[in-house]
file model.cif (mmCIF, C-alpha atoms)
data_input
loop_
_atom_site.label_atom_id
_atom_site.label_comp_id
_atom_site.auth_asym_id
_atom_site.auth_seq_id
_atom_site.Cartn_x
_atom_site.Cartn_y
_atom_site.Cartn_z
CA MET A 1068 29.59 -112.58 74.28
CA LYS A 1069 30.63 -108.97 74.18
CA LYS A 1070 33.42 -107.54 76.29
CA SER A 1071 32.71 -104.56 78.55
CA LEU A 1072 35.03 -101.61 77.85
CA GLY A 1073 33.62 -99.15 80.39
CA ALA A 1074 31.93 -95.78 79.96
CA LYS A 1075 33.82 -94.29 77.00
CA THR A 1076 33.27 -92.08 73.97
CA ILE A 1077 33.72 -94.71 71.29
CA LEU A 1078 31.71 -94.44 68.07
CA TYR A 1079 32.17 -95.00 64.34
CA PRO A 1080 32.35 -92.69 62.51
CA THR A 1081 32.86 -89.34 64.20
CA PRO A 1082 33.17 -86.37 61.84
CA VAL A 1083 35.93 -83.81 61.47
CA LEU A 1084 34.02 -80.52 61.64
CA ILE A 1085 36.15 -77.41 61.25
CA VAL A 1086 34.28 -74.78 63.25
CA GLY A 1087 34.94 -71.17 62.25
CA THR A 1088 34.32 -68.20 64.57
CA TYR A 1089 35.45 -64.60 65.07
CA ASP A 1090 36.98 -63.54 68.36
CA SER A 1091 36.15 -60.30 70.19
CA GLU A 1092 38.60 -58.39 68.00
CA GLY A 1093 37.28 -59.85 64.77
CA ARG A 1094 40.15 -62.25 64.23
CA PRO A 1095 39.09 -65.46 62.44
CA ASN A 1096 39.65 -68.75 64.24
CA VAL A 1097 39.01 -72.41 63.50
CA MET A 1098 38.94 -75.52 65.65
CA ALA A 1099 38.40 -79.20 64.88
CA VAL A 1100 35.29 -80.73 66.45
CA ALA A 1101 34.55 -84.46 66.41
CA TRP A 1102 31.63 -84.31 68.84
CA GLY A 1103 28.86 -83.11 66.55
CA GLY A 1104 26.56 -83.76 63.64
CA ILE A 1105 23.21 -82.93 62.08
CA CYS A 1106 20.52 -82.82 64.77
CA CYS A 1107 17.30 -81.60 63.10
CA SER A 1108 15.82 -81.62 59.59
CA LYS A 1109 13.35 -78.71 59.98
CA PRO A 1110 14.75 -76.23 60.67
CA PRO A 1111 18.01 -77.78 59.46
CA CYS A 1112 20.37 -77.76 62.42
CA VAL A 1113 23.84 -79.01 63.28
CA ALA A 1114 25.15 -79.59 66.80
CA ILE A 1115 28.72 -79.09 67.96
CA SER A 1116 30.15 -79.69 71.44
CA VAL A 1117 33.10 -77.64 72.68
CA ARG A 1118 34.91 -77.39 75.99
CA LYS A 1119 34.71 -74.11 77.89
CA ALA A 1120 38.50 -73.97 77.88
CA THR A 1121 38.62 -73.51 74.11
CA TYR A 1122 39.00 -70.13 72.45
CA THR A 1123 36.02 -71.00 70.25
CA TYR A 1124 33.71 -71.29 73.27
CA GLY A 1125 33.92 -67.57 74.10
CA ASN A 1126 33.59 -66.66 70.44
CA LEU A 1127 30.41 -68.73 70.12
CA LEU A 1128 28.84 -67.09 73.16
CA GLU A 1129 29.71 -63.62 71.93
CA ARG A 1130 28.97 -63.90 68.22
CA LYS A 1131 26.14 -66.46 68.39
CA ALA A 1132 27.32 -67.75 65.05
CA PHE A 1133 29.69 -70.29 63.51
CA THR A 1134 30.48 -72.06 60.31
CA VAL A 1135 31.33 -75.70 59.72
CA SER A 1136 33.84 -76.31 56.94
CA ILE A 1137 34.28 -79.92 55.80
CA PRO A 1138 37.88 -80.61 54.80
CA SER A 1139 38.98 -82.91 51.98
CA GLU A 1140 41.45 -85.73 52.47
CA GLU A 1141 44.22 -83.46 51.17
CA HIS A 1142 43.63 -81.16 54.17
CA VAL A 1143 44.00 -83.80 56.89
CA VAL A 1144 47.23 -82.27 58.25
CA ALA A 1145 45.70 -78.79 58.53
CA ALA A 1146 42.55 -80.22 60.14
CA ASP A 1147 44.61 -82.09 62.71
CA PHE A 1148 46.60 -78.93 63.42
CA PHE A 1149 43.31 -77.06 63.99
CA GLY A 1150 42.64 -79.51 66.81
CA LEU A 1151 46.11 -79.17 68.33
CA ALA A 1152 46.73 -75.42 68.47
CA SER A 1153 44.67 -72.68 70.16
CA GLY A 1154 43.51 -69.47 68.55
CA ARG A 1155 44.74 -67.72 71.69
CA ASP A 1156 48.32 -68.47 70.64
CA VAL A 1157 48.34 -68.52 66.88
CA ASP A 1158 46.51 -67.42 63.74
CA LYS A 1159 45.61 -70.90 62.59
CA PHE A 1160 44.48 -69.81 59.13
CA ALA A 1161 47.82 -68.12 58.45
CA ALA A 1162 49.84 -70.95 59.95
CA ALA A 1163 48.09 -73.50 57.72
CA GLY A 1164 48.25 -71.26 54.65
CA LEU A 1165 44.44 -71.21 54.35
CA THR A 1166 42.07 -68.34 53.65
CA PRO A 1167 39.28 -67.06 55.93
CA ILE A 1168 36.18 -65.90 54.09
CA ARG A 1169 33.60 -63.79 55.91
CA SER A 1170 30.14 -65.36 55.69
CA GLU A 1171 27.54 -63.00 54.27
CA LEU A 1172 24.83 -64.67 56.36
CA VAL A 1173 26.34 -65.12 59.81
CA ASP A 1174 29.03 -63.41 61.86
CA ALA A 1175 31.67 -66.07 61.29
CA PRO A 1176 34.43 -67.03 58.83
CA TYR A 1177 34.82 -70.24 56.83
CA VAL A 1178 37.76 -71.92 55.11
CA ALA A 1179 37.89 -70.98 51.42
CA GLU A 1180 39.90 -74.03 50.43
CA PHE A 1181 37.57 -76.61 52.03
CA PRO A 1182 34.90 -77.92 49.62
CA LEU A 1183 31.73 -77.77 51.75
CA VAL A 1184 30.57 -75.12 54.22
CA LEU A 1185 27.58 -74.75 56.57
CA GLU A 1186 26.71 -71.26 57.85
CA CYS A 1187 24.96 -71.36 61.21
CA ARG A 1188 23.45 -69.17 63.87
CA VAL A 1189 23.39 -70.46 67.44
CA VAL A 1190 19.83 -71.31 68.52
CA GLN A 1191 20.38 -73.46 71.65
CA VAL A 1192 23.14 -73.88 74.20
CA ALA A 1193 23.15 -76.74 76.74
CA GLU A 1194 25.68 -77.59 79.42
CA LEU A 1195 26.39 -81.30 79.38
CA GLY A 1196 29.51 -81.59 81.55
CA LEU A 1197 33.02 -81.11 80.20
CA HIS A 1198 31.45 -80.10 76.89
CA VAL A 1199 28.88 -77.45 76.11
CA HIS A 1200 26.50 -78.32 73.32
CA PHE A 1201 25.68 -75.66 70.73
CA VAL A 1202 22.87 -76.17 68.24
CA GLY A 1203 23.21 -74.07 65.12
CA GLU A 1204 20.48 -73.48 62.58
CA ILE A 1205 21.95 -74.02 59.12
CA LEU A 1206 21.11 -70.92 57.08
CA ASP A 1207 22.95 -72.04 53.96
CA VAL A 1208 25.21 -74.77 52.63
CA LYS A 1209 27.85 -73.74 50.14
CA ALA A 1210 29.99 -76.05 48.03
CA ASP A 1211 32.70 -75.91 45.41
CA GLU A 1212 31.30 -76.53 41.92
CA GLU A 1213 33.76 -79.41 41.41
CA CYS A 1214 32.03 -81.37 44.21
CA LEU A 1215 28.59 -81.28 42.65
CA ASP A 1216 26.96 -83.94 40.50
CA ALA A 1217 24.81 -83.26 37.43
CA ASP A 1218 21.85 -82.52 39.71
CA GLY A 1219 23.82 -79.93 41.68
CA ARG A 1220 24.21 -82.10 44.80
CA PRO A 1221 27.51 -82.55 46.61
CA THR A 1222 28.94 -86.06 46.36
CA ALA A 1223 31.34 -87.85 48.64
CA GLU A 1224 33.58 -88.57 45.66
CA GLY A 1225 33.72 -84.83 45.05
CA VAL A 1226 34.19 -83.73 48.65
CA LYS A 1227 36.55 -86.62 49.58
CA PRO A 1228 35.71 -86.34 53.28
CA PHE A 1229 37.52 -88.17 56.04
CA TRP A 1230 36.57 -88.99 59.60
CA TRP A 1231 38.17 -89.76 62.94
CA ALA A 1232 38.00 -92.92 65.03
CA PRO A 1233 38.28 -91.93 68.71
CA SER A 1234 39.00 -95.46 69.91
CA GLU A 1235 42.27 -95.82 68.05
CA ASN A 1236 42.82 -92.11 67.32
CA GLN A 1237 43.06 -92.57 63.57
CA TYR A 1238 41.73 -90.73 60.52
CA TYR A 1239 40.05 -92.72 57.76
CA GLY A 1240 39.36 -91.71 54.17
CA LEU A 1241 36.46 -92.44 51.87
CA GLY A 1242 35.63 -96.09 51.28
CA PRO A 1243 33.55 -97.83 48.61
CA ALA A 1244 29.91 -97.01 47.93
CA LEU A 1245 27.78 -99.78 49.42
CA GLY A 1246 24.33 -98.91 48.09
CA ARG A 1247 21.51 -96.44 48.40
CA GLY A 1248 19.70 -95.46 51.57
CA PHE A 1249 15.97 -96.19 51.97
CA SER A 1250 16.48 -98.72 49.19
CA LEU A 1251 18.75 -101.63 50.22
CA GLY A 1252 16.23 -102.69 52.89
CA LYS A 1253 13.10 -102.51 50.70
CA ASP A 1254 12.89 -106.25 50.01
CA LEU A 1255 13.14 -107.00 53.71
CA LYS A 1256 10.36 -104.50 54.36
CA SER A 1257 8.02 -105.85 51.71
CA ARG A 1258 8.55 -109.43 52.93
CA SER A 1259 7.85 -108.48 56.57
CA THR A 1260 4.92 -106.07 56.42
CA MET Q 1352 33.64 -69.20 44.43
CA LYS Q 1353 31.27 -71.53 46.23
CA LYS Q 1354 27.76 -72.25 45.06
CA SER Q 1355 24.85 -71.69 47.46
CA LEU Q 1356 22.71 -74.82 47.92
CA GLY Q 1357 20.21 -73.46 50.43
CA ALA Q 1358 19.45 -74.42 54.03
CA LYS Q 1359 19.91 -78.19 53.96
CA THR Q 1360 21.12 -81.05 56.14
CA ILE Q 1361 24.26 -81.92 54.21
CA LEU Q 1362 27.29 -83.20 56.10
CA TYR Q 1363 30.06 -85.79 55.69
CA PRO Q 1364 30.00 -88.25 57.32
CA THR Q 1365 26.76 -88.93 59.16
CA PRO Q 1366 26.72 -92.14 61.20
CA VAL Q 1367 24.35 -95.09 61.06
CA LEU Q 1368 23.30 -95.48 64.69
CA ILE Q 1369 20.95 -98.37 65.38
CA VAL Q 1370 18.93 -97.20 68.38
CA GLY Q 1371 17.38 -99.95 70.50
CA THR Q 1372 14.40 -99.40 72.82
CA TYR Q 1373 11.59 -101.35 74.47
CA ASP Q 1374 7.99 -100.38 73.85
CA SER Q 1375 5.30 -100.17 76.54
CA GLU Q 1376 4.74 -103.92 76.31
CA GLY Q 1377 8.41 -104.77 76.52
CA ARG Q 1378 8.83 -105.58 72.83
CA PRO Q 1379 12.31 -104.73 71.51
CA ASN Q 1380 12.56 -102.26 68.66
CA VAL Q 1381 15.35 -100.69 66.64
CA MET Q 1382 15.54 -97.71 64.33
CA ALA Q 1383 18.32 -96.21 62.22
CA VAL Q 1384 19.42 -92.71 63.24
CA ALA Q 1385 21.81 -90.59 61.17
CA TRP Q 1386 21.29 -87.39 63.14
CA GLY Q 1387 23.51 -88.05 66.15
CA GLY Q 1388 26.97 -88.51 67.58
CA ILE Q 1389 29.12 -88.19 70.67
CA CYS Q 1390 28.34 -84.90 72.45
CA CYS Q 1391 30.31 -84.90 75.72
CA SER Q 1392 33.48 -86.53 77.06
CA LYS Q 1393 32.75 -86.28 80.81
CA PRO Q 1394 30.28 -87.76 81.49
CA PRO Q 1395 30.53 -89.63 78.19
CA CYS Q 1396 27.34 -88.85 76.26
CA VAL Q 1397 25.86 -89.55 72.86
CA ALA Q 1398 23.09 -87.52 71.23
CA ILE Q 1399 20.39 -88.89 68.94
CA SER Q 1400 17.61 -86.95 67.22
CA VAL Q 1401 14.31 -88.64 66.43
CA ARG Q 1402 11.00 -87.42 65.04
CA LYS Q 1403 7.95 -87.53 67.31
CA ALA Q 1404 6.18 -89.65 64.71
CA THR Q 1405 8.57 -92.56 65.26
CA TYR Q 1406 7.77 -95.51 67.48
CA THR Q 1407 11.12 -95.03 69.17
CA TYR Q 1408 10.15 -91.54 70.38
CA GLY Q 1409 7.46 -92.83 72.74
CA ASN Q 1410 9.72 -95.62 73.92
CA LEU Q 1411 12.49 -93.15 74.77
CA LEU Q 1412 10.15 -90.95 76.77
CA GLU Q 1413 8.74 -93.93 78.69
CA ARG Q 1414 11.87 -95.97 79.31
CA LYS Q 1415 14.39 -93.13 79.54
CA ALA Q 1416 16.95 -95.48 78.08
CA PHE Q 1417 18.36 -96.63 74.76
CA THR Q 1418 21.25 -98.48 73.22
CA VAL Q 1419 23.26 -97.62 70.13
CA SER Q 1420 24.44 -100.64 68.15
CA ILE Q 1421 27.00 -99.98 65.42
CA PRO Q 1422 26.50 -102.30 62.45
CA SER Q 1423 29.25 -103.76 60.30
CA GLU Q 1424 29.34 -103.44 56.53
CA GLU Q 1425 27.80 -106.91 56.25
CA HIS Q 1426 24.68 -105.59 58.01
CA VAL Q 1427 24.00 -102.66 55.69
CA VAL Q 1428 20.76 -104.17 54.34
CA ALA Q 1429 19.36 -104.78 57.83
CA ALA Q 1430 20.39 -101.28 58.94
CA ASP Q 1431 18.65 -99.72 55.96
CA PHE Q 1432 15.54 -101.80 56.69
CA PHE Q 1433 15.60 -100.50 60.28
CA GLY Q 1434 15.22 -97.00 58.82
CA LEU Q 1435 12.40 -97.99 56.47
CA ALA Q 1436 9.98 -99.98 58.63
CA SER Q 1437 8.22 -98.98 61.85
CA GLY Q 1438 8.15 -100.99 65.06
CA ARG Q 1439 4.43 -100.29 65.14
CA ASP Q 1440 3.97 -102.61 62.16
CA VAL Q 1441 6.68 -105.21 62.42
CA ASP Q 1442 9.13 -106.93 64.75
CA LYS Q 1443 12.24 -105.61 63.05
CA PHE Q 1444 14.62 -107.92 64.92
CA ALA Q 1445 12.69 -111.01 63.77
CA ALA Q 1446 12.26 -109.70 60.23
CA ALA Q 1447 16.01 -109.13 59.91
CA GLY Q 1448 16.92 -112.40 61.59
CA LEU Q 1449 18.79 -110.56 64.36
CA THR Q 1450 18.80 -111.12 68.11
CA PRO Q 1451 17.73 -108.62 70.79
CA ILE Q 1452 19.80 -108.79 73.97
CA ARG Q 1453 18.52 -107.11 77.12
CA SER Q 1454 21.05 -104.65 78.51
CA GLU Q 1455 21.94 -105.34 82.12
CA LEU Q 1456 22.58 -101.63 82.72
CA VAL Q 1457 19.69 -99.83 81.05
CA ASP Q 1458 16.11 -100.67 80.16
CA ALA Q 1459 16.77 -101.24 76.45
CA PRO Q 1460 17.82 -103.99 74.04
CA TYR Q 1461 20.80 -104.10 71.68
CA VAL Q 1462 21.63 -106.10 68.56
CA ALA Q 1463 23.68 -109.19 69.43
CA GLU Q 1464 25.15 -109.54 65.95
CA PHE Q 1465 26.45 -105.94 65.69
CA PRO Q 1466 30.04 -105.55 66.88
CA LEU Q 1467 29.87 -102.43 69.06
CA VAL Q 1468 27.19 -101.32 71.53
CA LEU Q 1469 26.66 -98.23 73.72
CA GLU Q 1470 24.26 -98.52 76.67
CA CYS Q 1471 22.69 -95.18 77.56
CA ARG Q 1472 20.29 -93.53 79.95
CA VAL Q 1473 18.47 -90.42 78.80
CA VAL Q 1474 19.74 -87.34 80.65
CA GLN Q 1475 18.45 -84.46 78.49
CA VAL Q 1476 15.62 -83.95 76.02
CA ALA Q 1477 15.35 -80.86 73.82
CA GLU Q 1478 12.77 -79.96 71.21
CA LEU Q 1479 14.49 -78.61 68.12
CA GLY Q 1480 11.72 -78.66 65.50
CA LEU Q 1481 10.85 -81.72 63.44
CA HIS Q 1482 13.36 -83.65 65.53
CA VAL Q 1483 13.64 -84.06 69.29
CA HIS Q 1484 17.16 -84.30 70.59
CA PHE Q 1485 17.93 -86.92 73.26
CA VAL Q 1486 21.22 -86.90 75.12
CA GLY Q 1487 22.15 -90.25 76.61
CA GLU Q 1488 24.86 -90.82 79.16
CA ILE Q 1489 26.97 -93.77 78.03
CA LEU Q 1490 27.12 -96.20 80.96
CA ASP Q 1491 29.13 -98.83 79.13
CA VAL Q 1492 30.54 -99.70 75.73
CA LYS Q 1493 30.57 -103.36 74.75
CA ALA Q 1494 32.37 -104.88 71.80
CA ASP Q 1495 32.95 -108.24 70.19
CA GLU Q 1496 36.39 -109.62 71.05
CA GLU Q 1497 37.22 -109.96 67.32
CA CYS Q 1498 37.06 -106.16 66.96
CA LEU Q 1499 39.67 -105.42 69.61
CA ASP Q 1500 43.35 -104.77 69.09
CA ALA Q 1501 46.13 -106.08 71.34
CA ASP Q 1502 45.44 -103.23 73.79
CA GLY Q 1503 41.76 -104.15 74.02
CA ARG Q 1504 40.55 -101.17 71.98
CA PRO Q 1505 38.02 -101.48 69.16
CA THR Q 1506 39.44 -100.78 65.72
CA ALA Q 1507 37.72 -99.63 62.57
CA GLU Q 1508 39.23 -102.57 60.71
CA GLY Q 1509 37.59 -104.85 63.29
CA VAL Q 1510 34.22 -103.11 63.41
CA LYS Q 1511 34.07 -102.38 59.64
CA PRO Q 1512 31.65 -99.48 60.13
CA PHE Q 1513 29.87 -97.69 57.33
CA TRP Q 1514 28.19 -94.30 57.13
CA TRP Q 1515 25.53 -92.48 55.18
CA ALA Q 1516 25.82 -89.45 52.92
CA PRO Q 1517 22.55 -87.50 53.12
CA SER Q 1518 23.30 -85.38 50.05
CA GLU Q 1519 23.34 -88.27 47.60
CA ASN Q 1520 21.61 -90.83 49.88
CA GLN Q 1521 24.43 -93.36 49.68
CA TYR Q 1522 26.18 -95.64 52.16
CA TYR Q 1523 29.97 -95.72 52.21
CA GLY Q 1524 32.28 -98.32 53.72
CA LEU Q 1525 35.62 -98.02 55.46
CA GLY Q 1526 38.40 -96.27 53.55
CA PRO Q 1527 42.16 -96.17 54.04
CA ALA Q 1528 43.83 -95.07 57.28
CA LEU Q 1529 45.23 -91.56 56.73
CA GLY Q 1530 47.25 -91.03 59.89
CA ARG Q 1531 46.93 -90.47 63.60
CA GLY Q 1532 44.96 -87.73 65.31
CA PHE Q 1533 46.74 -85.08 67.40
CA SER Q 1534 49.88 -86.10 65.52
CA LEU Q 1535 49.69 -85.26 61.80
CA GLY Q 1536 49.50 -81.54 62.63
CA LYS Q 1537 52.36 -81.45 65.15
CA ASP Q 1538 54.95 -80.06 62.76
CA LEU Q 1539 52.62 -77.26 61.75
CA LYS Q 1540 52.03 -76.48 65.42
CA SER Q 1541 55.71 -76.42 66.37
CA ARG Q 1542 56.52 -74.18 63.40
CA SER Q 1543 53.75 -71.71 64.23
CA THR Q 1544 53.87 -71.34 68.02
#

call {"tool": "encode", "arguments": {"input": "model.cif", "output": "structure tokens"}}
result
Amino acid sequence: MKKSLGAKTILYPTPVLIVGTYDSEGRPNVMAVAWGGICCSKPPCVAISVRKATYTYGNLLERKAFTVSIPSEEHVVAADFFGLASGRDVDKFAAAGLTPIRSELVDAPYVAEFPLVLECRVVQVAELGLHVHFVGEILDVKADEECLDADGRPTAEGVKPFWWAPSENQYYGLGPALGRGFSLGKDLKSRST
Amino acid sequence: MKKSLGAKTILYPTPVLIVGTYDSEGRPNVMAVAWGGICCSKPPCVAISVRKATYTYGNLLERKAFTVSIPSEEHVVAADFFGLASGRDVDKFAAAGLTPIRSELVDAPYVAEFPLVLECRVVQVAELGLHVHFVGEILDVKADEECLDADGRPTAEGVKPFWWAPSENQYYGLGPALGRGFSLGKDLKSRST
């Protein structure tokens, strides 16, 4: 028998997406977004939800572009700071000692020191309530060479991502590999069909 | 210098959301969705993206309701199977030895054995390309008592969630706690503002 907890935003895992934008004066900003994720395979798209009160919201509307930088475990303090401070008040890149790089594909900056980056142009905007939902088409993914395996694909062991648990407000690091997708369940499929 | 990997759906982490629906004859079905996540705080909403070719797609359009069951590490084989087989061909609950429970709030079933469940009604549908994006308002979250801490909140240690890495097609389990959100970055904020 399950216990009812009410209408809440509880899910495991939620990502830590560092969303990079330029403001109206061309100053780079970043914020931490946990409400988001991949939302389409073709064209490849990622969705992020931001409140209208954020500095990023105006930047997204104006520039129609953003990046998503995925931080490594070693950057958990900077990532948390990106969710605490506002770009209205502080240059978050400078405060965290991190480097904004101008994307060559979209009108937005990414974090040089973070291992994986998605460069996106805004293709849909939907009002949901407190949050506005932006869908970005992913024009390119860029990664540090050290994160890539022999086939040139990023690996979790290389990126060392972490995620956030909204229920208990806690970050969690990378756990053990449990097996391959579209593979572990094959026996069950062949027995049942 | 980062290496360009092209326009791809690479992100860390992506969740393993087990989406429950009823078909036109009232048969319960589940599928595994990695393209999704929380998308609004008020009202609390979760987004899932599904291809039109899936059995779930028709069910979502007809019933305007779904559940999201979060599996524990021990259910990784069943969860993978849910992403391999189609409800057109097989009763996935029966094949996996799992129990469908009818939600009392929405017209959809959830997985009894999975520790955390979101009950949702469809409030927005958007065509993105290969995937169609469904936003569900979360009407209730239900959890097994064993997953709750002393304050009645689910914990990752209790749920033992896992996630999927699309780049290398690998499931990963729960890693170490790294610190609290909206807390780790406080020093950086107070020094910079």

call {"tool": "resolve_selection", "arguments": {"input": "model.cif", "expression": "the PyMOL selection byres ((chain Q and resi 1414) around 9)", "output": "ChimeraX atom specification"}}
result
/Q:1372-1375,1409-1413,1415-1417,1457-1459,1472-1473

call {"tool": "resolve_selection", "arguments": {"input": "model.cif", "expression": "the PyMOL selection byres ((chain A and resi 1208-1214) around 9)", "output": "PyMOL selection string"}}
result
(chain A and resi 1180-1186+1205-1207+1215-1216+1219-1227) or (chain Q and resi 1352-1361)

call {"tool": "residues_around", "arguments": {"input": "model.cif", "residues": "Q:Val1397", "least_positions_apart": "3", "cutoff": "7 Å", "atoms": "only C-alpha atoms", "output": "ChimeraX atom specification"}}
result
/Q:1388-1390,1486-1489

call {"tool": "closest_residue", "arguments": {"input": "model.cif", "among": "Q:Ala1383, Q:Ala1477, Q:Leu1529, Q:Leu1456", "to": "chain A", "atoms": "only C-alpha atoms"}}
result
Q:Leu1529

call {"tool": "resolve_selection", "arguments": {"input": "model.cif", "expression": "the PyMOL selection byres ((chain Q and resi 1445-1452) around 12)", "output": "ChimeraX atom specification"}}
result
/A:1068-1069,1252-1260 /Q:1370-1373,1377-1381,1418,1420,1422,1426-1433,1436-1438,1440-1444,1453-1465,1468,1470

call {"tool": "write_last_selection", "arguments": {"input": "model.cif", "atoms": "C-alpha atoms", "output": "PDB file, keeping the file's coordinate frame"}}
result
ATOM      1  CA  MET A1068      29.590-112.580  74.280  1.00  0.00           C
ATOM      2  CA  LYS A1069      30.630-108.970  74.180  1.00  0.00           C
ATOM      3  CA  GLY A1252      16.230-102.690  52.890  1.00  0.00           C
ATOM      4  CA  LYS A1253      13.100-102.510  50.700  1.00  0.00           C
ATOM      5  CA  ASP A1254      12.890-106.250  50.010  1.00  0.00           C
ATOM      6  CA  LEU A1255      13.140-107.000  53.710  1.00  0.00           C
ATOM      7  CA  LYS A1256      10.360-104.500  54.360  1.00  0.00           C
ATOM      8  CA  SER A1257       8.020-105.850  51.710  1.00  0.00           C
ATOM      9  CA  ARG A1258       8.550-109.430  52.930  1.00  0.00           C
ATOM     10  CA  SER A1259       7.850-108.480  56.570  1.00  0.00           C
ATOM     11  CA  THR A1260       4.920-106.070  56.420  1.00  0.00           C
TER      12      THR A1260
ATOM     13  CA  VAL Q1370      18.930 -97.200  68.380  1.00  0.00           C
ATOM     14  CA  GLY Q1371      17.380 -99.950  70.500  1.00  0.00           C
ATOM     15  CA  THR Q1372      14.400 -99.400  72.820  1.00  0.00           C
ATOM     16  CA  TYR Q1373      11.590-101.350  74.470  1.00  0.00           C
ATOM     17  CA  GLY Q1377       8.410-104.770  76.520  1.00  0.00           C
ATOM     18  CA  ARG Q1378       8.830-105.580  72.830  1.00  0.00           C
ATOM     19  CA  PRO Q1379      12.310-104.730  71.510  1.00  0.00           C
ATOM     20  CA  ASN Q1380      12.560-102.260  68.660  1.00  0.00           C
ATOM     21  CA  VAL Q1381      15.350-100.690  66.640  1.00  0.00           C
ATOM     22  CA  THR Q1418      21.250 -98.480  73.220  1.00  0.00           C
ATOM     23  CA  SER Q1420      24.440-100.640  68.150  1.00  0.00           C
ATOM     24  CA  PRO Q1422      26.500-102.300  62.450  1.00  0.00           C
ATOM     25  CA  HIS Q1426      24.680-105.590  58.010  1.00  0.00           C
ATOM     26  CA  VAL Q1427      24.000-102.660  55.690  1.00  0.00           C
ATOM     27  CA  VAL Q1428      20.760-104.170  54.340  1.00  0.00           C
ATOM     28  CA  ALA Q1429      19.360-104.780  57.830  1.00  0.00           C
ATOM     29  CA  ALA Q1430      20.390-101.280  58.940  1.00  0.00           C
ATOM     30  CA  ASP Q1431      18.650 -99.720  55.960  1.00  0.00           C
ATOM     31  CA  PHE Q1432      15.540-101.800  56.690  1.00  0.00           C
ATOM     32  CA  PHE Q1433      15.600-100.500  60.280  1.00  0.00           C
ATOM     33  CA  ALA Q1436       9.980 -99.980  58.630  1.00  0.00           C
ATOM     34  CA  SER Q1437       8.220 -98.980  61.850  1.00  0.00           C
ATOM     35  CA  GLY Q1438       8.150-100.990  65.060  1.00  0.00           C
ATOM     36  CA  ASP Q1440       3.970-102.610  62.160  1.00  0.00           C
ATOM     37  CA  VAL Q1441       6.680-105.210  62.420  1.00  0.00           C
ATOM     38  CA  ASP Q1442       9.130-106.930  64.750  1.00  0.00           C
ATOM     39  CA  LYS Q1443      12.240-105.610  63.050  1.00  0.00           C
ATOM     40  CA  PHE Q1444      14.620-107.920  64.920  1.00  0.00           C
ATOM     41  CA  ARG Q1453      18.520-107.110  77.120  1.00  0.00           C
ATOM     42  CA  SER Q1454      21.050-104.650  78.510  1.00  0.00           C
ATOM     43  CA  GLU Q1455      21.940-105.340  82.120  1.00  0.00           C
ATOM     44  CA  LEU Q1456      22.580-101.630  82.720  1.00  0.00           C
ATOM     45  CA  VAL Q1457      19.690 -99.830  81.050  1.00  0.00           C
ATOM     46  CA  ASP Q1458      16.110-100.670  80.160  1.00  0.00           C
ATOM     47  CA  ALA Q1459      16.770-101.240  76.450  1.00  0.00           C
ATOM     48  CA  PRO Q1460      17.820-103.990  74.040  1.00  0.00           C
ATOM     49  CA  TYR Q1461      20.800-104.100  71.680  1.00  0.00           C
ATOM     50  CA  VAL Q1462      21.630-106.100  68.560  1.00  0.00           C
ATOM     51  CA  ALA Q1463      23.680-109.190  69.430  1.00  0.00           C
ATOM     52  CA  GLU Q1464      25.150-109.540  65.950  1.00  0.00           C
ATOM     53  CA  PHE Q1465      26.450-105.940  65.690  1.00  0.00           C
ATOM     54  CA  VAL Q1468      27.190-101.320  71.530  1.00  0.00           C
ATOM     55  CA  GLU Q1470      24.260 -98.520  76.670  1.00  0.00           C
TER      56      GLU Q1470
END

call {"tool": "atom_distance", "arguments": {"input": "model.cif", "atom1": "atom CA of A:Gly1196", "atom2": "atom CA of Q:Leu1481"}}
result
26.0 Å

call {"tool": "closest_residue", "arguments": {"input": "model.cif", "among": "Q:Ala1385, Q:Leu1525, Q:Ala1398, Q:Leu1368", "to": "chain A", "atoms": "all atoms listed in the file"}}
result
Q:Leu1525

call {"tool": "closest_residue", "arguments": {"input": "model.cif", "among": "A:Leu1251, A:Val1190, A:Val1135, A:Met1098", "to": "chain Q", "atoms": "only C-alpha atoms"}}
result
A:Leu1251

call {"tool": "residues_around", "arguments": {"input": "model.cif", "residues": "Q:Gly1530", "least_positions_apart": "3", "cutoff": "8 Å", "atoms": "all atoms listed in the file", "output": "list of chain:residue names"}}
result
A:Gln1237, A:Tyr1238, A:Tyr1239, Q:Ser1534, Q:Leu1535

call {"tool": "atom_distance", "arguments": {"input": "model.cif", "atom1": "atom CA of A:Tyr1122", "atom2": "atom CA of A:Leu1151"}}
result
12.2 Å

call {"tool": "atom_distance", "arguments": {"input": "model.cif", "atom1": "atom CA of A:Leu1195", "atom2": "atom CA of Q:Leu1479"}}
result
16.6 Å

call {"tool": "residues_near_point", "arguments": {"input": "model.cif", "point": "(34.3, -80.0, 76.6)", "cutoff": "8 Å", "atoms": "all atoms listed in the file", "output": "ChimeraX atom specification"}}
result
/A:1116-1120,1196-1199 /Q:1391-1393

call {"tool": "residues_around", "arguments": {"input": "model.cif", "residues": "A:Pro1080", "least_positions_apart": "2", "cutoff": "8 Å", "atoms": "all atoms listed in the file", "output": "PDB file with C-alpha atoms, in the frame of the given file"}}
result
ATOM      1  CA  LEU A1078      31.710 -94.440  68.070  1.00  0.00           C
ATOM      2  CA  PRO A1082      33.170 -86.370  61.840  1.00  0.00           C
ATOM      3  CA  TRP A1230      36.570 -88.990  59.600  1.00  0.00           C
ATOM      4  CA  TRP A1231      38.170 -89.760  62.940  1.00  0.00           C
ATOM      5  CA  ALA A1232      38.000 -92.920  65.030  1.00  0.00           C
TER       6      ALA A1232
ATOM      7  CA  PRO Q1364      30.000 -88.250  57.320  1.00  0.00           C
ATOM      8  CA  THR Q1365      26.760 -88.930  59.160  1.00  0.00           C
ATOM      9  CA  PRO Q1366      26.720 -92.140  61.200  1.00  0.00           C
ATOM     10  CA  PRO Q1512      31.650 -99.480  60.130  1.00  0.00           C
ATOM     11  CA  PHE Q1513      29.870 -97.690  57.330  1.00  0.00           C
ATOM     12  CA  TRP Q1514      28.190 -94.300  57.130  1.00  0.00           C
TER      13      TRP Q1514
END
